[in-house]
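Source file structure-v4.txt; content: compact mmCIF, N, CA and C atoms and all ligand atoms.
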# COMPACT_ATOMS: atom_id res chain seq x y z
N MET A 3 -17.44 -14.16 -36.21
CA MET A 3 -16.42 -13.43 -35.47
C MET A 3 -15.59 -14.41 -34.66
N LYS A 4 -14.28 -14.14 -34.58
CA LYS A 4 -13.44 -15.08 -33.83
C LYS A 4 -13.72 -14.95 -32.33
N GLN A 5 -13.50 -16.05 -31.62
CA GLN A 5 -13.68 -16.06 -30.17
C GLN A 5 -12.48 -15.38 -29.53
N LEU A 6 -12.74 -14.35 -28.75
CA LEU A 6 -11.64 -13.63 -28.12
C LEU A 6 -11.43 -14.15 -26.71
N SER A 7 -10.16 -14.33 -26.35
CA SER A 7 -9.88 -14.75 -24.97
C SER A 7 -10.16 -13.59 -24.02
N THR A 8 -10.54 -13.91 -22.79
CA THR A 8 -10.83 -12.87 -21.81
C THR A 8 -10.06 -13.15 -20.52
N VAL A 9 -10.03 -12.15 -19.67
CA VAL A 9 -9.36 -12.33 -18.37
C VAL A 9 -10.05 -13.43 -17.55
N TYR A 10 -11.33 -13.71 -17.87
CA TYR A 10 -12.06 -14.74 -17.12
C TYR A 10 -11.63 -16.15 -17.53
N ASP A 11 -10.84 -16.25 -18.60
CA ASP A 11 -10.24 -17.55 -18.97
C ASP A 11 -8.93 -17.79 -18.21
N CYS A 12 -8.47 -16.78 -17.48
CA CYS A 12 -7.20 -16.87 -16.76
C CYS A 12 -7.50 -17.15 -15.29
N ASN A 13 -7.33 -18.39 -14.91
CA ASN A 13 -7.76 -18.81 -13.57
C ASN A 13 -6.58 -19.27 -12.73
N ILE A 14 -6.80 -19.24 -11.43
CA ILE A 14 -5.84 -19.82 -10.50
C ILE A 14 -6.06 -21.34 -10.48
N LEU A 15 -5.02 -22.08 -10.79
CA LEU A 15 -5.14 -23.55 -10.81
C LEU A 15 -4.41 -24.12 -9.59
N PRO A 16 -5.09 -24.98 -8.84
CA PRO A 16 -4.40 -25.63 -7.72
C PRO A 16 -3.42 -26.67 -8.26
N LEU A 17 -2.22 -26.70 -7.71
CA LEU A 17 -1.24 -27.71 -8.07
C LEU A 17 -1.16 -28.72 -6.93
N ASN A 18 -0.53 -29.83 -7.19
CA ASN A 18 -0.43 -30.81 -6.10
C ASN A 18 0.63 -30.36 -5.09
N LYS A 19 0.59 -30.97 -3.94
CA LYS A 19 1.58 -30.65 -2.91
C LYS A 19 1.75 -31.87 -2.03
N ILE A 20 2.96 -32.34 -1.98
CA ILE A 20 3.27 -33.44 -1.07
C ILE A 20 4.05 -32.83 0.08
N HIS A 21 3.49 -32.95 1.26
CA HIS A 21 4.19 -32.30 2.38
C HIS A 21 4.47 -33.27 3.51
N ASN A 22 5.58 -33.07 4.11
CA ASN A 22 5.94 -33.82 5.33
C ASN A 22 6.88 -32.96 6.15
N ARG A 23 7.41 -33.52 7.20
CA ARG A 23 8.22 -32.70 8.10
C ARG A 23 9.48 -32.19 7.42
N ALA A 24 9.89 -32.85 6.36
CA ALA A 24 11.11 -32.43 5.66
C ALA A 24 10.84 -31.30 4.67
N GLY A 25 9.58 -30.85 4.56
CA GLY A 25 9.25 -29.77 3.63
C GLY A 25 8.28 -30.23 2.57
N ASN A 26 8.04 -29.38 1.62
CA ASN A 26 7.00 -29.62 0.62
C ASN A 26 7.60 -29.78 -0.78
N ILE A 27 6.86 -30.46 -1.62
CA ILE A 27 7.25 -30.55 -3.04
C ILE A 27 5.98 -30.44 -3.88
N THR A 28 6.05 -29.64 -4.92
CA THR A 28 4.96 -29.51 -5.90
C THR A 28 5.51 -29.93 -7.25
N ILE A 29 4.74 -30.72 -7.95
CA ILE A 29 5.19 -31.32 -9.20
C ILE A 29 4.21 -30.95 -10.32
N VAL A 30 4.74 -30.50 -11.45
CA VAL A 30 3.91 -30.33 -12.65
C VAL A 30 4.50 -31.26 -13.70
N GLU A 31 3.75 -32.28 -14.04
CA GLU A 31 4.26 -33.34 -14.90
C GLU A 31 3.45 -33.37 -16.19
N GLY A 32 4.13 -33.13 -17.32
CA GLY A 32 3.42 -33.12 -18.61
C GLY A 32 2.28 -32.13 -18.55
N ASP A 33 1.11 -32.57 -19.05
CA ASP A 33 -0.05 -31.68 -18.99
C ASP A 33 -1.04 -32.11 -17.90
N ASP A 34 -0.53 -32.84 -16.90
CA ASP A 34 -1.38 -33.18 -15.75
C ASP A 34 -1.74 -31.88 -15.02
N ASN A 35 -2.98 -31.62 -14.84
CA ASN A 35 -3.51 -30.48 -14.06
C ASN A 35 -3.37 -29.13 -14.74
N ILE A 36 -2.72 -29.04 -15.87
CA ILE A 36 -2.65 -27.76 -16.60
C ILE A 36 -2.97 -28.02 -18.07
N PRO A 37 -3.49 -27.00 -18.79
CA PRO A 37 -4.00 -27.26 -20.15
C PRO A 37 -2.94 -27.15 -21.25
N PHE A 38 -1.68 -27.38 -20.93
CA PHE A 38 -0.65 -27.41 -21.98
C PHE A 38 0.53 -28.24 -21.47
N THR A 39 1.38 -28.62 -22.40
CA THR A 39 2.61 -29.31 -22.03
C THR A 39 3.75 -28.30 -22.03
N THR A 40 4.52 -28.30 -20.98
CA THR A 40 5.57 -27.28 -20.80
C THR A 40 6.75 -27.55 -21.74
N LYS A 41 7.09 -26.53 -22.54
CA LYS A 41 8.28 -26.64 -23.38
C LYS A 41 9.42 -25.77 -22.87
N ARG A 42 9.10 -24.87 -21.94
CA ARG A 42 10.11 -23.91 -21.47
C ARG A 42 9.76 -23.50 -20.05
N ILE A 43 10.80 -23.37 -19.24
CA ILE A 43 10.64 -22.85 -17.88
C ILE A 43 11.61 -21.69 -17.73
N TYR A 44 11.14 -20.60 -17.13
CA TYR A 44 12.08 -19.55 -16.74
C TYR A 44 11.60 -18.96 -15.42
N TYR A 45 12.49 -18.24 -14.77
CA TYR A 45 12.11 -17.65 -13.49
C TYR A 45 12.76 -16.29 -13.31
N LEU A 46 12.00 -15.43 -12.70
CA LEU A 46 12.43 -14.07 -12.43
C LEU A 46 12.82 -13.99 -10.96
N TYR A 47 13.92 -13.36 -10.69
CA TYR A 47 14.41 -13.26 -9.30
C TYR A 47 15.32 -12.04 -9.20
N ASP A 48 15.71 -11.69 -8.00
CA ASP A 48 16.52 -10.48 -7.77
C ASP A 48 15.84 -9.26 -8.38
N ILE A 49 14.53 -9.20 -8.24
CA ILE A 49 13.77 -8.08 -8.82
C ILE A 49 13.89 -6.89 -7.87
N PRO A 50 14.38 -5.75 -8.34
CA PRO A 50 14.57 -4.62 -7.44
C PRO A 50 13.24 -4.11 -6.89
N GLY A 51 13.28 -3.52 -5.69
CA GLY A 51 12.07 -2.97 -5.07
C GLY A 51 11.37 -2.02 -6.04
N GLY A 52 10.05 -2.16 -6.13
CA GLY A 52 9.28 -1.32 -7.04
C GLY A 52 9.36 -1.75 -8.50
N GLY A 53 10.06 -2.85 -8.76
CA GLY A 53 10.26 -3.30 -10.14
C GLY A 53 8.97 -3.80 -10.79
N LYS A 54 8.90 -3.63 -12.08
CA LYS A 54 7.74 -4.13 -12.85
C LYS A 54 8.28 -5.02 -13.97
N ARG A 55 7.55 -6.07 -14.28
CA ARG A 55 7.92 -6.97 -15.38
C ARG A 55 6.69 -7.16 -16.27
N GLY A 56 6.91 -7.89 -17.32
CA GLY A 56 5.80 -8.09 -18.26
C GLY A 56 5.63 -6.83 -19.10
N GLY A 57 4.37 -6.40 -19.23
CA GLY A 57 4.11 -5.26 -20.11
C GLY A 57 4.10 -5.72 -21.56
N HIS A 58 3.40 -6.83 -21.79
CA HIS A 58 3.27 -7.35 -23.15
C HIS A 58 2.17 -8.43 -23.16
N ALA A 59 1.82 -8.86 -24.35
CA ALA A 59 0.90 -9.99 -24.52
C ALA A 59 1.55 -11.00 -25.46
N HIS A 60 0.96 -12.18 -25.53
CA HIS A 60 1.43 -13.20 -26.46
C HIS A 60 0.29 -13.62 -27.39
N LYS A 61 0.65 -13.96 -28.61
CA LYS A 61 -0.36 -14.36 -29.59
C LYS A 61 -0.81 -15.80 -29.40
N GLN A 62 0.14 -16.69 -29.09
CA GLN A 62 -0.17 -18.13 -29.05
C GLN A 62 0.17 -18.78 -27.72
N LEU A 63 1.01 -18.13 -26.94
CA LEU A 63 1.61 -18.78 -25.78
C LEU A 63 0.65 -18.92 -24.60
N PHE A 64 0.63 -20.10 -24.01
CA PHE A 64 0.01 -20.32 -22.70
C PHE A 64 1.11 -20.30 -21.65
N GLN A 65 0.79 -19.74 -20.50
CA GLN A 65 1.76 -19.72 -19.41
C GLN A 65 1.07 -20.04 -18.09
N LEU A 66 1.82 -20.65 -17.21
CA LEU A 66 1.39 -20.81 -15.83
C LEU A 66 2.41 -20.07 -14.97
N ILE A 67 1.93 -19.12 -14.19
CA ILE A 67 2.81 -18.27 -13.38
C ILE A 67 2.65 -18.66 -11.93
N VAL A 68 3.77 -18.91 -11.28
CA VAL A 68 3.76 -19.40 -9.90
C VAL A 68 4.66 -18.52 -9.04
N ALA A 69 4.17 -18.13 -7.88
CA ALA A 69 5.04 -17.46 -6.89
C ALA A 69 5.79 -18.57 -6.16
N ALA A 70 6.93 -18.97 -6.70
CA ALA A 70 7.70 -20.06 -6.09
C ALA A 70 8.21 -19.65 -4.72
N SER A 71 8.43 -18.34 -4.56
CA SER A 71 8.78 -17.79 -3.25
C SER A 71 8.24 -16.37 -3.18
N GLY A 72 7.77 -15.96 -2.01
CA GLY A 72 7.29 -14.59 -1.83
C GLY A 72 5.98 -14.34 -2.55
N SER A 73 5.76 -13.11 -2.94
CA SER A 73 4.48 -12.74 -3.54
C SER A 73 4.66 -11.61 -4.56
N PHE A 74 3.68 -11.50 -5.43
CA PHE A 74 3.62 -10.40 -6.40
C PHE A 74 2.22 -10.34 -6.96
N ASP A 75 1.93 -9.26 -7.66
CA ASP A 75 0.62 -9.07 -8.27
C ASP A 75 0.72 -9.17 -9.79
N VAL A 76 -0.32 -9.67 -10.41
CA VAL A 76 -0.38 -9.75 -11.87
C VAL A 76 -1.63 -9.02 -12.34
N LEU A 77 -1.43 -8.01 -13.16
CA LEU A 77 -2.56 -7.34 -13.83
C LEU A 77 -2.81 -8.04 -15.15
N LEU A 78 -4.05 -8.45 -15.36
CA LEU A 78 -4.45 -9.07 -16.62
C LEU A 78 -5.41 -8.13 -17.33
N ASP A 79 -5.27 -8.03 -18.64
CA ASP A 79 -6.08 -7.09 -19.42
C ASP A 79 -6.35 -7.74 -20.79
N ASP A 80 -7.64 -7.94 -21.09
CA ASP A 80 -7.97 -8.56 -22.38
C ASP A 80 -8.35 -7.53 -23.44
N GLY A 81 -8.14 -6.26 -23.11
CA GLY A 81 -8.51 -5.19 -24.04
C GLY A 81 -9.83 -4.55 -23.65
N ALA A 82 -10.68 -5.32 -22.93
CA ALA A 82 -11.98 -4.80 -22.49
C ALA A 82 -12.12 -4.88 -20.97
N ASN A 83 -11.59 -5.95 -20.38
CA ASN A 83 -11.70 -6.17 -18.93
C ASN A 83 -10.31 -6.31 -18.32
N LYS A 84 -10.21 -5.87 -17.07
CA LYS A 84 -8.95 -6.01 -16.35
C LYS A 84 -9.22 -6.73 -15.04
N LYS A 85 -8.22 -7.47 -14.56
CA LYS A 85 -8.29 -7.96 -13.19
C LYS A 85 -6.88 -8.09 -12.64
N ILE A 86 -6.77 -7.94 -11.33
CA ILE A 86 -5.48 -8.08 -10.66
C ILE A 86 -5.54 -9.31 -9.77
N VAL A 87 -4.53 -10.15 -9.90
CA VAL A 87 -4.44 -11.38 -9.12
C VAL A 87 -3.17 -11.31 -8.28
N THR A 88 -3.29 -11.60 -6.99
CA THR A 88 -2.11 -11.70 -6.13
C THR A 88 -1.70 -13.16 -6.04
N LEU A 89 -0.42 -13.41 -6.31
CA LEU A 89 0.10 -14.77 -6.17
C LEU A 89 1.04 -14.80 -4.97
N ASN A 90 0.83 -15.76 -4.09
CA ASN A 90 1.67 -15.84 -2.88
C ASN A 90 1.79 -17.26 -2.34
N ARG A 91 1.42 -18.25 -3.17
CA ARG A 91 1.55 -19.64 -2.72
C ARG A 91 2.17 -20.49 -3.82
N PRO A 92 3.20 -21.27 -3.46
CA PRO A 92 3.89 -22.06 -4.49
C PRO A 92 3.09 -23.25 -5.01
N ASP A 93 1.96 -23.55 -4.38
CA ASP A 93 1.16 -24.69 -4.83
C ASP A 93 -0.09 -24.24 -5.60
N TYR A 94 -0.07 -23.00 -6.07
CA TYR A 94 -1.12 -22.50 -6.97
C TYR A 94 -0.45 -21.79 -8.13
N GLY A 95 -1.03 -21.90 -9.33
CA GLY A 95 -0.48 -21.21 -10.49
C GLY A 95 -1.57 -20.42 -11.18
N LEU A 96 -1.18 -19.30 -11.76
CA LEU A 96 -2.13 -18.50 -12.55
C LEU A 96 -1.96 -18.86 -14.02
N LEU A 97 -3.02 -19.39 -14.61
CA LEU A 97 -3.01 -19.70 -16.04
C LEU A 97 -3.25 -18.40 -16.82
N ILE A 98 -2.35 -18.10 -17.76
CA ILE A 98 -2.59 -16.97 -18.67
C ILE A 98 -2.70 -17.54 -20.08
N VAL A 99 -3.87 -17.36 -20.68
CA VAL A 99 -4.14 -17.88 -22.02
C VAL A 99 -3.60 -16.88 -23.05
N PRO A 100 -3.52 -17.26 -24.32
CA PRO A 100 -3.03 -16.33 -25.34
C PRO A 100 -3.93 -15.08 -25.44
N GLY A 101 -3.32 -13.98 -25.89
CA GLY A 101 -4.09 -12.77 -26.17
C GLY A 101 -4.46 -11.96 -24.96
N ILE A 102 -3.64 -12.04 -23.91
CA ILE A 102 -3.90 -11.29 -22.68
C ILE A 102 -2.68 -10.43 -22.35
N TRP A 103 -2.92 -9.15 -22.21
CA TRP A 103 -1.86 -8.23 -21.76
C TRP A 103 -1.63 -8.46 -20.27
N ARG A 104 -0.34 -8.52 -19.84
CA ARG A 104 -0.06 -8.74 -18.42
C ARG A 104 1.06 -7.82 -17.93
N GLU A 105 0.93 -7.43 -16.68
CA GLU A 105 1.97 -6.68 -16.00
C GLU A 105 2.16 -7.28 -14.62
N LEU A 106 3.41 -7.43 -14.21
CA LEU A 106 3.73 -8.01 -12.90
C LEU A 106 4.40 -6.94 -12.05
N PHE A 107 3.97 -6.82 -10.80
CA PHE A 107 4.48 -5.75 -9.95
C PHE A 107 4.27 -6.11 -8.49
N GLU A 108 4.70 -5.22 -7.61
CA GLU A 108 4.58 -5.44 -6.15
C GLU A 108 5.30 -6.71 -5.72
N PHE A 109 6.47 -6.94 -6.29
CA PHE A 109 7.24 -8.13 -5.90
C PHE A 109 7.75 -7.96 -4.47
N SER A 110 7.54 -8.97 -3.64
CA SER A 110 8.11 -8.91 -2.28
C SER A 110 9.61 -9.18 -2.39
N SER A 111 10.32 -8.73 -1.36
CA SER A 111 11.77 -8.91 -1.36
C SER A 111 12.12 -10.40 -1.44
N GLY A 112 13.00 -10.76 -2.34
CA GLY A 112 13.44 -12.15 -2.46
C GLY A 112 12.46 -13.06 -3.18
N SER A 113 11.41 -12.47 -3.77
CA SER A 113 10.42 -13.33 -4.43
C SER A 113 10.98 -13.95 -5.71
N VAL A 114 10.41 -15.08 -6.05
CA VAL A 114 10.79 -15.79 -7.28
C VAL A 114 9.52 -16.08 -8.06
N CYS A 115 9.48 -15.62 -9.30
CA CYS A 115 8.34 -15.84 -10.20
C CYS A 115 8.72 -16.92 -11.20
N LEU A 116 8.13 -18.08 -11.02
CA LEU A 116 8.41 -19.23 -11.88
C LEU A 116 7.36 -19.26 -13.00
N VAL A 117 7.82 -19.42 -14.23
CA VAL A 117 6.90 -19.43 -15.38
C VAL A 117 7.07 -20.71 -16.18
N LEU A 118 5.97 -21.44 -16.36
CA LEU A 118 5.94 -22.58 -17.25
C LEU A 118 5.28 -22.11 -18.54
N ALA A 119 5.89 -22.40 -19.66
CA ALA A 119 5.40 -21.87 -20.94
C ALA A 119 5.19 -23.00 -21.93
N SER A 120 4.18 -22.83 -22.79
CA SER A 120 3.79 -23.89 -23.72
C SER A 120 4.69 -23.98 -24.95
N GLU A 121 5.49 -22.93 -25.18
CA GLU A 121 6.34 -22.91 -26.37
C GLU A 121 7.73 -22.38 -26.00
N LYS A 122 8.69 -22.67 -26.85
CA LYS A 122 10.01 -22.07 -26.70
C LYS A 122 9.93 -20.58 -26.98
N TYR A 123 10.98 -19.88 -26.61
CA TYR A 123 11.01 -18.42 -26.79
C TYR A 123 10.89 -18.06 -28.27
N ASP A 124 9.99 -17.12 -28.56
CA ASP A 124 9.81 -16.66 -29.94
C ASP A 124 9.40 -15.19 -29.90
N GLU A 125 10.32 -14.33 -30.22
CA GLU A 125 10.03 -12.89 -30.13
C GLU A 125 8.83 -12.51 -31.02
N ALA A 126 8.61 -13.26 -32.11
CA ALA A 126 7.50 -12.95 -33.02
C ALA A 126 6.14 -13.20 -32.38
N ASP A 127 6.13 -13.93 -31.27
CA ASP A 127 4.87 -14.20 -30.57
C ASP A 127 4.48 -13.07 -29.61
N TYR A 128 5.41 -12.12 -29.40
CA TYR A 128 5.15 -11.03 -28.45
C TYR A 128 4.39 -9.88 -29.10
N LEU A 129 3.51 -9.27 -28.32
CA LEU A 129 2.92 -7.96 -28.65
C LEU A 129 3.41 -7.04 -27.55
N ARG A 130 4.39 -6.22 -27.86
CA ARG A 130 5.08 -5.47 -26.81
C ARG A 130 4.54 -4.05 -26.65
N LYS A 131 3.68 -3.63 -27.56
CA LYS A 131 3.08 -2.30 -27.42
C LYS A 131 1.57 -2.48 -27.21
N TYR A 132 1.02 -1.72 -26.26
CA TYR A 132 -0.39 -1.91 -25.93
C TYR A 132 -1.29 -1.63 -27.14
N ASN A 133 -0.95 -0.60 -27.90
CA ASN A 133 -1.75 -0.28 -29.10
C ASN A 133 -1.72 -1.41 -30.12
N GLU A 134 -0.52 -2.00 -30.24
CA GLU A 134 -0.34 -3.12 -31.17
C GLU A 134 -1.19 -4.31 -30.68
N PHE A 135 -1.19 -4.53 -29.37
CA PHE A 135 -2.00 -5.60 -28.78
C PHE A 135 -3.48 -5.40 -29.09
N LYS A 136 -3.98 -4.18 -28.87
CA LYS A 136 -5.41 -3.90 -29.12
C LYS A 136 -5.76 -4.09 -30.60
N ALA A 137 -4.87 -3.63 -31.45
CA ALA A 137 -5.12 -3.75 -32.90
C ALA A 137 -5.16 -5.22 -33.30
N TRP A 138 -4.21 -6.01 -32.76
CA TRP A 138 -4.15 -7.45 -33.06
C TRP A 138 -5.41 -8.15 -32.52
N LYS A 139 -5.79 -7.77 -31.32
CA LYS A 139 -6.91 -8.45 -30.65
C LYS A 139 -8.23 -8.24 -31.40
N TYR A 140 -8.43 -7.05 -31.89
CA TYR A 140 -9.74 -6.71 -32.48
C TYR A 140 -9.73 -6.71 -33.99
N LYS A 141 -8.65 -7.20 -34.59
CA LYS A 141 -8.67 -7.29 -36.06
C LYS A 141 -9.65 -8.39 -36.46
N LYS A 142 -10.26 -8.25 -37.61
CA LYS A 142 -11.29 -9.21 -38.04
C LYS A 142 -10.65 -10.52 -38.47
P1 LIG B 201 10.66 -10.43 -21.31
O1 LIG B 201 9.79 -11.56 -21.76
O2 LIG B 201 10.39 -9.09 -21.89
O3 LIG B 201 10.63 -10.33 -19.73
P2 LIG B 201 9.47 -10.04 -18.66
O4 LIG B 201 8.16 -10.37 -19.30
O5 LIG B 201 9.79 -10.94 -17.54
O6 LIG B 201 9.56 -8.63 -18.23
O7 LIG B 201 12.18 -10.85 -21.56
C1 LIG B 201 13.26 -10.11 -21.04
C2 LIG B 201 14.45 -10.40 -21.91
O8 LIG B 201 14.82 -11.78 -21.83
C3 LIG B 201 14.21 -10.08 -23.38
O9 LIG B 201 15.42 -9.51 -23.88
C4 LIG B 201 14.00 -11.43 -24.02
C5 LIG B 201 14.78 -12.38 -23.14
N1 LIG B 201 14.16 -13.70 -23.03
C6 LIG B 201 14.72 -14.78 -23.69
O10 LIG B 201 15.74 -14.66 -24.39
N2 LIG B 201 14.13 -16.01 -23.57
C7 LIG B 201 13.01 -16.19 -22.81
O11 LIG B 201 12.50 -17.33 -22.70
C8 LIG B 201 12.43 -15.06 -22.13
C9 LIG B 201 11.19 -15.20 -21.29
C10 LIG B 201 13.03 -13.84 -22.27
Show me, as structure tokens, the structure contained in the file I just sent.
Ligand code: TYD
Amino acid sequence: MKQLSTVYDCNILPLNKIHNRAGNITIVEGDDNIPFTTKRIYYLYDIPGGGKRGGHAHKQLFQLIVAASGSFDVLLDDGANKKIVTLNRPDYGLLIVPGIWRELFEFSSGSVCLVLASEKYDEADYLRKYNEFKAWKYKK
């Protein structure tokens, strides 16, 4: 049987932080401190109050999700287990491995969700329906 990814593979990873009186800087360079090399960066912002994002899974993609500003919650679901993670620090990232359904919600006003991704955008990598995700996950 194939090894299925679980929500317990999705961990908060500490990032570096250089701080001084002029402010802080966090750097993610290549695959230092994260288990993939970033091919794409995108960020969500101007999210309306009560807004929800995500609502899909990926077949191959690894992502690191960072609350670059403000805070939000991430629901992770591997088809059997769920967990909710609150992100509110720019020097920590949530690793999401392939095969995990995710939903993002409870965005604070002005928050920015920065996403580092292991691959370029590919719509064929998305599982956008929960039933489709479950069927893909548990196929032999
Ligand atoms: P989607 O991944 O569904 O957003 P979220 O998970 O944040 O709710 O993408 C929203 C739209 O943006 C969708 O039409 C696809 C497009 N998009 C790209 O063209 N390239 C990208 O890298 C991403 C992440 C999305």
Sel. within 6 Å of pt (7.8, -14.1, -8.0), counting all atoms listed in the file, output as JSON, numbers by chain: {"A": [46, 68, 69, 70, 71, 72, 73, 74, 113, 114, 115, 116]}
With N, CA and C atoms kept, could you save the residues just selected as a compact mmCIF listing (two decimals), in the frame of the given file?
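Saved the output as out.txt:
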# COMPACT_ATOMS: atom_id res chain seq x y z
N LEU A 46 12.00 -15.43 -12.70
CA LEU A 46 12.43 -14.07 -12.43
C LEU A 46 12.82 -13.99 -10.96
N VAL A 68 3.77 -18.91 -11.28
CA VAL A 68 3.76 -19.40 -9.90
C VAL A 68 4.66 -18.52 -9.04
N ALA A 69 4.17 -18.13 -7.88
CA ALA A 69 5.04 -17.46 -6.89
C ALA A 69 5.79 -18.57 -6.16
N ALA A 70 6.93 -18.97 -6.70
CA ALA A 70 7.70 -20.06 -6.09
C ALA A 70 8.21 -19.65 -4.72
N SER A 71 8.43 -18.34 -4.56
CA SER A 71 8.78 -17.79 -3.25
C SER A 71 8.24 -16.37 -3.18
N GLY A 72 7.77 -15.96 -2.01
CA GLY A 72 7.29 -14.59 -1.83
C GLY A 72 5.98 -14.34 -2.55
N SER A 73 5.76 -13.11 -2.94
CA SER A 73 4.48 -12.74 -3.54
C SER A 73 4.66 -11.61 -4.56
N PHE A 74 3.68 -11.50 -5.43
CA PHE A 74 3.62 -10.40 -6.40
C PHE A 74 2.22 -10.34 -6.96
N SER A 113 11.41 -12.47 -3.77
CA SER A 113 10.42 -13.33 -4.43
C SER A 113 10.98 -13.95 -5.71
N VAL A 114 10.41 -15.08 -6.05
CA VAL A 114 10.79 -15.79 -7.28
C VAL A 114 9.52 -16.08 -8.06
N CYS A 115 9.48 -15.62 -9.30
CA CYS A 115 8.34 -15.84 -10.20
C CYS A 115 8.72 -16.92 -11.20
N LEU A 116 8.13 -18.08 -11.02
CA LEU A 116 8.41 -19.23 -11.88
C LEU A 116 7.36 -19.26 -13.00
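Put simply, atom C1 of ligand LIG 201 (chain B) is 20.8 Å away from atom C of A:Val87.
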To one decimal place in Å, what is the distance between atom N of A:Lys131 and atom N of A:Gly57?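 One can read the atom N of A:Lys131 to atom N of A:Gly57 distance as 8.8 Å.
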Give me the residues within 12 Å of A:Phe38 as a VMD selection string, counting only C-alpha atoms and dropping any in the same chain fewer than 5 places off. chain A and resid 30 to 33 62 to 66 97 to 100 118 to 121
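The nearest approach to ligand LIG 201 (chain B) among the residues A:Lys139, A:Phe109, A:Lys54, A:Ile86, with only N, CA and C atoms and all ligand atoms taken into account, belongs to A:Lys54.
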Each residue of chain A with at least one atom at most 6 Å from ligand LIG 201 (chain B) should appear once, together with its nearest atom pair and the corresponding distance in Å (one decimal); atoms considered: only C-alpha atoms and all ligand atoms; ordering: chain, then increasing residue number; output as a Markdown table.
| residue | atom | partner | partner_atom | distance |
| --- | --- | --- | --- | --- |
| A:Arg55 | CA | B:LIG201 | O6 | 3.7 |
| A:Gly56 | CA | B:LIG201 | O4 | 3.4 |
| A:Tyr123 | CA | B:LIG201 | O11 | 4.5 |
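Proximity ranking of A:Tyr132, A:Lys122, A:Gln5, A:Asp93 relative to A:Lys41 places A:Lys122 first, based on only C-alpha atoms.
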Backbone-only DSSP, strand (DSSP E) members of stretch 37-112 of chain A, as a ChimeraX atom specification: /A:42-46,55-60,65-71,74-79,84-89,94-98,103-107
I need the alpha helix (DSSP H) residues of chain A per DSSP on the backbone, written as a list in words.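 Everything in chain A that counts as alpha helix (DSSP H) is Tyr132, Asn133, Glu134, Phe135, Lys136, Ala137, Trp138 and Lys139 of chain A.
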Would you save the residues of that selection, restricted to N, CA and C atoms, as a short mmCIF file (atom, residue, chain, number, x, y, z; two decimals), in the coordinates of the input?
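Output (again28.cif):
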data_model
loop_
_atom_site.label_atom_id
_atom_site.label_comp_id
_atom_site.auth_asym_id
_atom_site.auth_seq_id
_atom_site.Cartn_x
_atom_site.Cartn_y
_atom_site.Cartn_z
N TYR A 132 1.02 -1.72 -26.26
CA TYR A 132 -0.39 -1.91 -25.93
C TYR A 132 -1.29 -1.63 -27.14
N ASN A 133 -0.95 -0.60 -27.90
CA ASN A 133 -1.75 -0.28 -29.10
C ASN A 133 -1.72 -1.41 -30.12
N GLU A 134 -0.52 -2.00 -30.24
CA GLU A 134 -0.34 -3.12 -31.17
C GLU A 134 -1.19 -4.31 -30.68
N PHE A 135 -1.19 -4.53 -29.37
CA PHE A 135 -2.00 -5.60 -28.78
C PHE A 135 -3.48 -5.40 -29.09
N LYS A 136 -3.98 -4.18 -28.87
CA LYS A 136 -5.41 -3.90 -29.12
C LYS A 136 -5.76 -4.09 -30.60
N ALA A 137 -4.87 -3.63 -31.45
CA ALA A 137 -5.12 -3.75 -32.90
C ALA A 137 -5.16 -5.22 -33.30
N TRP A 138 -4.21 -6.01 -32.76
CA TRP A 138 -4.15 -7.45 -33.06
C TRP A 138 -5.41 -8.15 -32.52
N LYS A 139 -5.79 -7.77 -31.32
CA LYS A 139 -6.91 -8.45 -30.65
C LYS A 139 -8.23 -8.24 -31.40
#
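Nearest residue to A:Asp75 among A:Pro50, A:Pro37, A:Pro92, A:Phe107 is A:Phe107, counting all atoms listed in the file.
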